[in-house]
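Asks: Please find one structure pasted underneath; my questions will follow.
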Amino acid sequence: MKRTDRNFALMLSFAHGLDHFTRRLIPPLIPIWAFLFGTPLWQIALIPALLLFGSAVFHIPAGIISDTRDRRYLLPFGTGLLGLSYLLFTFAAFNSLLDFTTDIFGYPFNSRLLVMMLAMFLGGMGTSVLHPTGLPLLTTNISPELKGRAYGMWNSAAKFGDGLGPAVLGILLLYMNWPLIFIFFGLVHIFYAVFLLISLKNYDTSPPLLSENIALGSSSVWKSDPRIYTYPLLAVLAFISIKGVGDDGLGTFIPTFIIELYSYTFEIFGTVITSTSTASLYYSATLISAAFFSIWCGQLVDKYDPKTVLIAFAILGVAPIFALAFVDLSPMALLLVLILLGASIWGAAPARDALISSIAPPEMEGRTFAYLWTGALLFGSVSPILVGYIGDVGGLRTAFGIMSIFIALSVLPLFLLYSKNIYLPSKS
């Protein structure tokens, strides 16, 4: 890649990676919070669920703003808001003034926990700007022939953030409590938001159409041949929505799954590595494998049809989920299965984003990403609650087996994209 392309992709990719890094601090702490508040898993699962739901609610407004206003201000706003939400989350967790119980639909909730959920909902507002703003900025500022590689860097950074989050947390928990970790990384978000605000002034951050003409552009797209935009949009929406149920359910409960079913504890050089830290490190390996495969997938996208790449990765991903659900694994076998899971389920993200970009007209790229991510996040926000409930009733193995069905079903809408009733631009 050219130096200018690479530097810009790295700057935006770091924002994406930082967002995912802090979000992945949450799943390993679910068992700790369940013990702290004495609540069932499904209530604690509302914390990551509301982060996803908040992101879903604000994705379309963020996409509209991204297509009509200077994107230089929107991306730093989202990054900074997510940092502030982690500070509020930590403040609420230990605020004695909030330590009372409130009944909601007949279920008792600790009020500290409710404010923590509110903080995560606001954090979802912050994360909602990333895809509708960051991906169109890449499209505008990166050379077209390198777009797949840029998407690979963008998604690889997310998975490195996903993987490093649990690993760093697992190490830091040996020396400090989780609230200090949350405060530190919340402040990191705020400082990087300031950096983005300063740095983006040197790049093209304006939308393709002026705000007063955006309605006209949108109207013409919806009135055009539905095979060009509407049908492909619906097919991809169905794919990422169904797959989102499996993705987010697995992503939330893999650490808890490892702790409950395997509970590995090791001693290295006199330091006891607890089951929580071990689960975080295994979870980290899962997501870091996705980071490396995202880079490779980005190169595949520059050579092959992205929908074919997506189908191949999704089909491959069913096998490791079945292994987790039905096979008792040794420590090394468990690690290898999780690495394959991360590579197949989350490593194909560049193909997904390239497919979405090929569907979207330039003047609607921000909103197209927003429409699709809204569907994915709405379905995904239900998944942690569903997996938590099934885990409480029938065990996490059963829940993971059900998630594998969603991953398998997600490929069906992609086959519709080969139909003559759907038109996709041919690969150059």
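Going by the structure tokens order, chains are called A, B, ..., each with residues numbered from 1, while ligands are numbered from 1 in the order shown.
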Can you check which parts of segment 104-149 of chain A lie within 9 Å of segment 65-85 of chain A? Per residue, the shortest pair of atoms and distance in Å to one decimal, counting only C-alpha atoms, sorted by chain and number, as a tab-separated table.
Replies:
residue	atom	partner	partner_atom	distance
A:Met116	CA	A:Ser85	CA	8.9
A:Leu118	CA	A:Ser85	CA	8.8
A:Ala119	CA	A:Ser85	CA	5.1
A:Met120	CA	A:Ser85	CA	6.4
A:Phe121	CA	A:Ser85	CA	8.4
A:Leu122	CA	A:Ser85	CA	6.2
A:Gly123	CA	A:Leu82	CA	4.5
A:Gly124	CA	A:Leu82	CA	7.4
A:Met125	CA	A:Gly78	CA	7.0
A:Gly126	CA	A:Gly78	CA	3.8
A:Thr127	CA	A:Gly78	CA	6.0
A:Ser128	CA	A:Gly78	CA	7.3
A:Val129	CA	A:Gly78	CA	5.8
A:Leu130	CA	A:Leu75	CA	6.5
A:Pro132	CA	A:Ser66	CA	6.4
A:Thr133	CA	A:Ser66	CA	5.7
A:Gly134	CA	A:Leu75	CA	7.2
A:Pro136	CA	A:Ser66	CA	8.4
A:Leu137	CA	A:Arg71	CA	7.8
Asks: Show me, as CSV, the residues of segment 268-340 of chain A having an atom within 12 Å of segment 15-21 of chain A, each with the closest atom pair and its distance in Å, using only C-alpha atoms.
Replies:
residue,atom,partner,partner_atom,distance
A:Ser284,CA,A:Phe21,CA,10.4
A:Leu287,CA,A:His20,CA,10.6
A:Ile288,CA,A:Phe21,CA,11.3
A:Ala291,CA,A:Gly17,CA,10.2
Asks: Residues within 12 Å of Leu180 of chain A, please, as number ranges by chain. Count only C-alpha atoms; anything in the same chain fewer than 4 positions from it doesn't count.
Replies: A: 86-87, 89-91, 93-94, 169, 172-173, 175-176, 184-187
Asks: Write down as a ChimeraX atom specification the residues of segment 153-368 of chain A whose backbone DSSP state falls under alpha helix (DSSP H).
Replies: /A:153-172,178-199,214-223,230-261,275-301,306-326,331-341,349-359,365-368
Asks: Need the shell around segment 318-320 of chain A: protein/DNA/RNA residues with any atom at most 7 Å away, counting only C-alpha atoms. Skip same-chain ones fewer than 5 positions apart. Format as an mmCIF file with C-alpha atoms, in the first residue's frame?
Replies:
data_model
loop_
_atom_site.group_PDB
_atom_site.id
_atom_site.type_symbol
_atom_site.label_atom_id
_atom_site.label_comp_id
_atom_site.auth_asym_id
_atom_site.auth_seq_id
_atom_site.Cartn_x
_atom_site.Cartn_y
_atom_site.Cartn_z
ATOM 1 C CA VAL A 337 -10.913 -25.527 18.114
ATOM 2 C CA LEU A 340 -10.529 -22.315 14.073
ATOM 3 C CA LEU A 341 -13.730 -20.796 15.427
ATOM 4 C CA SER A 404 -24.351 -23.311 15.400
ATOM 5 C CA ILE A 407 -24.481 -19.780 11.722
ATOM 6 C CA ALA A 408 -25.457 -22.553 9.276
#
Asks: How many Å lie between atom CA of Arg227 of chain A and atom CA of Met364 of chain A, rounded to one decimal?
Replies: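 Rounded to one decimal, the two atoms are 16.5 Å apart.
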Asks: Which is closest to Met153 of chain A among A:Ala370, A:Ile359, A:Leu417, A:Arg6, if we use only C-alpha atoms?
Replies: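 Once distances to Met153 of chain A are computed over only C-alpha atoms, the minimum belongs to A:Arg6.
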Asks: Please provide the set of residues having any atom within 10 Å of Ala279 of chain A, restricted to only C-alpha atoms, with same-chain residues fewer than 5 positions apart removed, written as a list in words.
Replies: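 Final neighbour list, sorted by chain and number: Pro28, Pro166, Ala167, Gly170, Ile254, Pro255, Thr256, Phe257, Ile258, Ile259, Glu260, Tyr262, Ser263, Tyr264, Thr265, Ile273, Thr274, Ser284 and Ala285 of chain A.
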